[in-house]
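What follows is the content of input.txt, which has compact mmCIF, C-alpha atoms:
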```txt
# COMPACT_ATOMS: atom_id res chain seq x y z
CA MET A 820 0.00 0.00 0.00
CA PHE A 821 2.79 2.40 0.96
CA PHE A 822 4.63 1.90 -2.33
CA LYS A 823 1.50 2.46 -4.42
CA ARG A 824 2.19 6.18 -4.27
CA TRP A 825 5.35 5.81 -6.33
CA ARG A 826 3.99 3.44 -8.91
CA LYS A 827 2.67 4.98 -12.06
CA PRO A 828 -0.96 3.87 -12.65
CA ARG A 829 -1.53 1.60 -15.61
CA PRO A 830 -3.28 3.20 -18.61
CA ALA A 831 -6.30 0.94 -18.14
CA GLN A 832 -6.61 2.10 -14.53
CA LEU A 833 -6.60 5.74 -15.59
CA ALA A 834 -9.11 5.02 -18.36
CA GLY A 835 -11.40 3.16 -15.94
CA GLU A 836 -11.35 6.14 -13.58
CA ALA A 837 -12.14 8.57 -16.40
CA LEU A 838 -14.91 6.39 -17.83
CA TYR A 839 -16.48 6.05 -14.39
CA ALA A 840 -16.38 9.83 -13.86
CA SER A 841 -18.02 10.32 -17.25
CA ALA A 842 -20.73 7.72 -16.50
CA VAL A 843 -21.50 9.40 -13.18
CA ALA A 844 -21.67 12.84 -14.75
CA GLN A 845 -23.98 11.60 -17.49
CA ALA A 846 -26.19 9.76 -14.99
CA ARG A 847 -26.61 13.04 -13.14
CA THR A 848 -27.94 14.85 -16.21
CA PRO A 849 -31.10 16.68 -15.02
CA ALA A 850 -33.04 15.75 -18.18
CA LEU A 851 -32.96 12.08 -17.20
CA TYR A 852 -34.93 12.96 -14.09
CA LEU A 853 -37.01 15.87 -15.34
CA ASP A 854 -37.82 14.82 -18.90
CA LEU A 855 -37.58 11.03 -18.72
CA GLY A 856 -39.03 10.69 -15.23
CA ALA A 857 -36.23 8.69 -13.61
CA PRO A 858 -36.84 8.69 -9.86
CA ASP A 859 -34.49 11.05 -8.04
CA THR A 860 -33.90 8.62 -5.19
CA ARG A 861 -30.91 6.58 -4.05
CA GLU A 862 -32.32 3.61 -5.91
CA GLY A 863 -33.03 5.62 -9.05
CA ARG A 864 -29.54 7.11 -9.06
CA PHE A 865 -28.01 3.66 -8.54
CA GLU A 866 -29.97 2.38 -11.54
CA LEU A 867 -28.83 5.26 -13.75
CA TYR A 868 -25.18 4.95 -12.65
CA SER A 869 -25.41 1.23 -13.33
CA LEU A 870 -26.98 1.70 -16.75
CA HIS A 871 -24.28 4.11 -17.87
CA VAL A 872 -21.49 1.84 -16.65
CA ILE A 873 -23.22 -1.09 -18.37
CA LEU A 874 -23.36 0.88 -21.63
CA LEU A 875 -19.61 1.48 -21.43
CA LEU A 876 -18.90 -2.15 -20.58
CA ASP A 877 -21.10 -3.24 -23.49
CA ARG A 878 -19.09 -1.05 -25.87
CA ILE A 879 -15.65 -2.30 -24.85
CA LYS A 880 -16.42 -5.97 -24.19
CA SER A 881 -14.62 -8.56 -26.31
CA GLN A 882 -12.23 -5.95 -27.66
CA GLY A 883 -8.96 -7.47 -26.46
CA PRO A 884 -6.79 -7.53 -23.34
CA GLN A 885 -6.53 -3.76 -22.86
CA ALA A 886 -10.31 -3.44 -23.10
CA GLU A 887 -10.74 -6.26 -20.57
CA GLU A 888 -8.34 -4.55 -18.17
CA THR A 889 -10.14 -1.23 -18.67
CA ALA A 890 -13.52 -2.87 -18.10
CA GLN A 891 -12.25 -4.39 -14.87
CA ALA A 892 -10.85 -1.02 -13.76
CA LEU A 893 -14.25 0.55 -14.50
CA VAL A 894 -16.09 -2.06 -12.45
CA ASP A 895 -13.57 -1.73 -9.62
CA ARG A 896 -14.05 2.05 -9.58
CA PHE A 897 -17.82 1.65 -9.65
CA THR A 898 -17.59 -0.63 -6.61
CA ARG A 899 -15.33 1.83 -4.78
CA GLY A 900 -17.87 4.55 -5.58
CA LEU A 901 -20.57 2.49 -3.88
CA ASP A 902 -18.31 1.95 -0.89
CA ASP A 903 -17.62 5.68 -0.67
CA ALA A 904 -21.33 6.50 -0.89
CA PHE A 905 -22.22 4.14 1.95
CA ARG A 906 -19.49 5.55 4.16
CA GLU A 907 -20.68 9.10 3.43
CA LEU A 908 -24.17 8.02 4.47
CA GLY A 909 -22.74 6.89 7.79
CA VAL A 910 -23.08 3.15 7.26
CA GLY A 911 -20.80 1.35 9.71
CA ASP A 912 -17.64 -0.42 8.61
CA MET A 913 -19.08 -3.85 9.39
CA ALA A 914 -22.22 -3.32 7.29
CA VAL A 915 -20.59 -1.81 4.19
CA PRO A 916 -19.28 -5.09 2.67
CA LYS A 917 -22.70 -6.74 3.01
CA ARG A 918 -24.41 -3.83 1.31
CA ILE A 919 -21.77 -3.67 -1.42
CA LYS A 920 -22.22 -7.38 -2.07
CA LYS A 921 -25.97 -6.94 -2.40
CA LEU A 922 -25.60 -4.01 -4.83
CA ALA A 923 -22.87 -5.79 -6.79
CA GLU A 924 -25.19 -8.76 -7.26
CA ALA A 925 -27.92 -6.37 -8.41
CA PHE A 926 -25.50 -4.65 -10.79
CA PHE A 927 -24.30 -7.89 -12.39
CA GLY A 928 -27.88 -9.10 -12.68
CA ARG A 929 -28.76 -5.86 -14.46
CA ALA A 930 -25.72 -6.25 -16.70
CA ARG A 931 -26.75 -9.79 -17.73
CA SER A 932 -30.31 -8.63 -18.39
CA ALA A 933 -29.07 -5.62 -20.35
CA ASP A 934 -26.84 -7.86 -22.48
CA GLN A 935 -29.88 -9.96 -23.37
CA ALA A 936 -31.91 -6.85 -24.11
CA PHE A 937 -29.14 -5.40 -26.28
CA ASP A 938 -28.87 -8.70 -28.15
CA ALA A 939 -32.61 -8.50 -28.89
CA LEU A 940 -32.31 -5.06 -30.53
CA PRO A 941 -33.78 -3.62 -32.73
CA ASP A 942 -36.73 -5.12 -30.85
CA ARG A 943 -36.89 -2.79 -27.85
CA ARG A 944 -39.48 -4.65 -25.80
CA THR A 945 -36.96 -6.59 -23.70
CA LEU A 946 -35.01 -3.44 -22.83
CA GLN A 947 -38.19 -1.50 -22.09
CA ALA A 948 -39.44 -4.30 -19.83
CA LEU A 949 -36.09 -4.31 -17.99
CA LEU A 950 -36.29 -0.56 -17.41
CA ALA A 951 -39.92 -0.74 -16.35
CA ARG A 952 -39.04 -3.43 -13.81
CA THR A 953 -35.82 -1.93 -12.41
CA LEU A 954 -36.22 1.82 -12.77
CA TYR A 955 -39.90 2.68 -13.09
CA ASP A 956 -41.61 0.33 -10.65
CA GLY A 957 -43.47 -1.46 -13.42
CA ASP A 958 -44.52 1.62 -15.41
CA ASP A 959 -43.95 0.53 -19.00
CA ALA A 960 -45.05 3.87 -20.46
CA LYS A 961 -42.37 5.79 -18.54
CA ALA A 962 -39.77 3.23 -19.58
CA ALA A 963 -40.31 3.96 -23.30
CA GLY A 964 -38.49 7.30 -23.20
CA MET A 965 -35.54 5.88 -21.29
CA THR A 966 -35.41 2.98 -23.73
CA ASP A 967 -35.04 5.43 -26.62
CA TYR A 968 -32.35 7.30 -24.69
CA LEU A 969 -30.33 4.13 -23.99
CA VAL A 970 -30.55 2.95 -27.59
CA ARG A 971 -29.29 6.34 -28.79
CA ALA A 972 -26.52 6.33 -26.17
CA ARG A 973 -25.46 2.83 -27.16
CA GLU A 974 -25.39 3.79 -30.84
CA GLY A 975 -23.37 6.90 -30.00
CA LEU A 976 -20.84 4.83 -28.08
CA ALA A 977 -20.59 2.35 -30.95
CA ASP A 978 -19.58 5.22 -33.26
CA GLN A 979 -16.70 6.28 -31.01
CA PRO A 980 -13.22 4.92 -31.68
CA LEU A 981 -12.20 2.15 -29.29
CA GLU A 982 -8.81 3.80 -28.82
CA ALA A 983 -10.46 6.94 -27.44
CA LEU A 984 -12.60 4.93 -25.02
CA LEU A 985 -9.59 2.95 -23.84
CA ALA A 986 -7.91 6.28 -23.17
CA GLY A 987 -10.88 7.27 -21.00
CA GLU A 988 -12.37 9.68 -23.54
CA VAL A 989 -16.09 9.35 -24.05
CA THR A 990 -18.76 11.63 -25.49
CA TRP A 991 -22.40 11.00 -24.65
CA ASN A 992 -24.16 11.91 -27.91
CA VAL A 993 -27.76 11.75 -26.77
```
Could you take the file, read its structure, and then write that structure out as structure tokens?
Amino acid sequence: MFFKRWRKPRPAQLAGEALYASAVAQARTPALYLDLGAPDTREGRFELYSLHVILLLDRIKSQGPQAEETAQALVDRFTRGLDDAFRELGVGDMAVPKRIKKLAEAFFGRARSADQAFDALPDRRTLQALLARTLYDGDDAKAAGMTDYLVRAREGLADQPLEALLAGEVTWNV
């Protein structure tokens, strides 16, 4: 731990940090809450953070060793972000790992479901049903707008050069 200060971070680590920061910033976009009706609650914010990280993971998956290392760095940073949030909320040290485990399981479940929904595109019903279930408490009508947003975001990420993403540079064209 002491010697970490003198080691230069690996490029994938820096990219994972930058991608996470970008996902968080995008998930905090007011229009997602005001225009698309995402609930401005802890749970709603968790879902939006998760969705944006999942979009990034979807874009860089199966793109080689550097992409795998960057994806792992992104997931690690996401997990540390959850840890930080719990500690800021005053959750005790003994309870944090249990809560992180629960949210990590939820995140990976969402990621598997999102992969299936993305594979079903251009049919949007699976993605819309996922969003209705996880973000909108069963309200399929509200989920339609977010479905459109995620499809546009995914298409925008697909158009970006992999090299830029692996350098931590991302533009959310939505």
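CA of Leu901 in chain A is positioned 11.7 Å from CA of Lys917 in chain A.
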Considering all atoms listed in the file, tabulate each residue of range 825-859 of chain A that lies at most 8 Å from range 950-962 of chain A along with its nearest interatomic pair and the corresponding distance in Å to one decimal; arrange the rows by chain and ascending residue number and present them as CSV.
```
residue,atom,partner,partner_atom,distance
A:Leu855,CA,A:Lys961,CA,7.1
A:Gly856,CA,A:Lys961,CA,6.8
A:Ala857,CA,A:Leu954,CA,6.9
A:Pro858,CA,A:Tyr955,CA,7.5
```
Residues within 7 Å of range 862-877 of chain A, all atoms listed in the file, excluding chain neighbours under 4 positions, as a ChimeraX atom specification = /A:839,842-843,846,857-858,890,926,930,954,973
Which residue, A:Gly900, A:Pro980, A:Pro849, A:Gly835, has the smallest gap to Glu887 in chain A when you use all atoms listed in the file?
-> A:Gly835
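Straight-line separation from CA of Val993 in chain A to CA of Ser841 in chain A: 13.7 Å.
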From the set A:Leu833, A:Ala844, A:Ser932, A:Phe937, which residue has the shortest atom-to-atom contact distance to Leu949 in chain A, counting only C-alpha atoms?
-> A:Ser932
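The coordinates place CA of Ala936 in chain A at 25.0 Å from CA of Ala840 in chain A.
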List the neighbours of Arg971 in chain A out to 9 Å using all atoms listed in the file; skip same-chain residues closer than 4 positions along the sequence, and give me the result as an MDAnalysis selection string.
-> chainID A and resid 966:967 975:976 992:993
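Closest approach to Ala850 in chain A from the set A:Ile879, A:Ala983, A:Gly964, A:Thr990 is made by A:Gly964, with distances taken over all atoms listed in the file.
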What box, with edges along x, y and z, holds each listed atom of range 839-854 of chain A when 3 Å is added on every side, and can you state its centre and edge lengths in Å to one decimal, as JSON?
```
{"center_x": -27.1, "center_y": 11.4, "center_z": -16.0, "size_x": 27.4, "size_y": 16.6, "size_z": 11.8}
```
Kindly indicate which residue among A:Arg847, A:Ala972, A:Arg878, A:Gly883 lies nearest to Asp934 in chain A, using only C-alpha atoms for the distances.
-> A:Arg878
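Of the residues listed (A:Glu974, A:Glu924, A:Glu982, A:Asp854), A:Glu982 shows the shortest atom-to-atom separation from Thr889 in chain A; distances use only C-alpha atoms.
Proximity of A:Gln845, A:Thr860, A:Thr898, A:Gln832 to Ala986 in chain A, computed with only C-alpha atoms, is greatest for A:Gln832.
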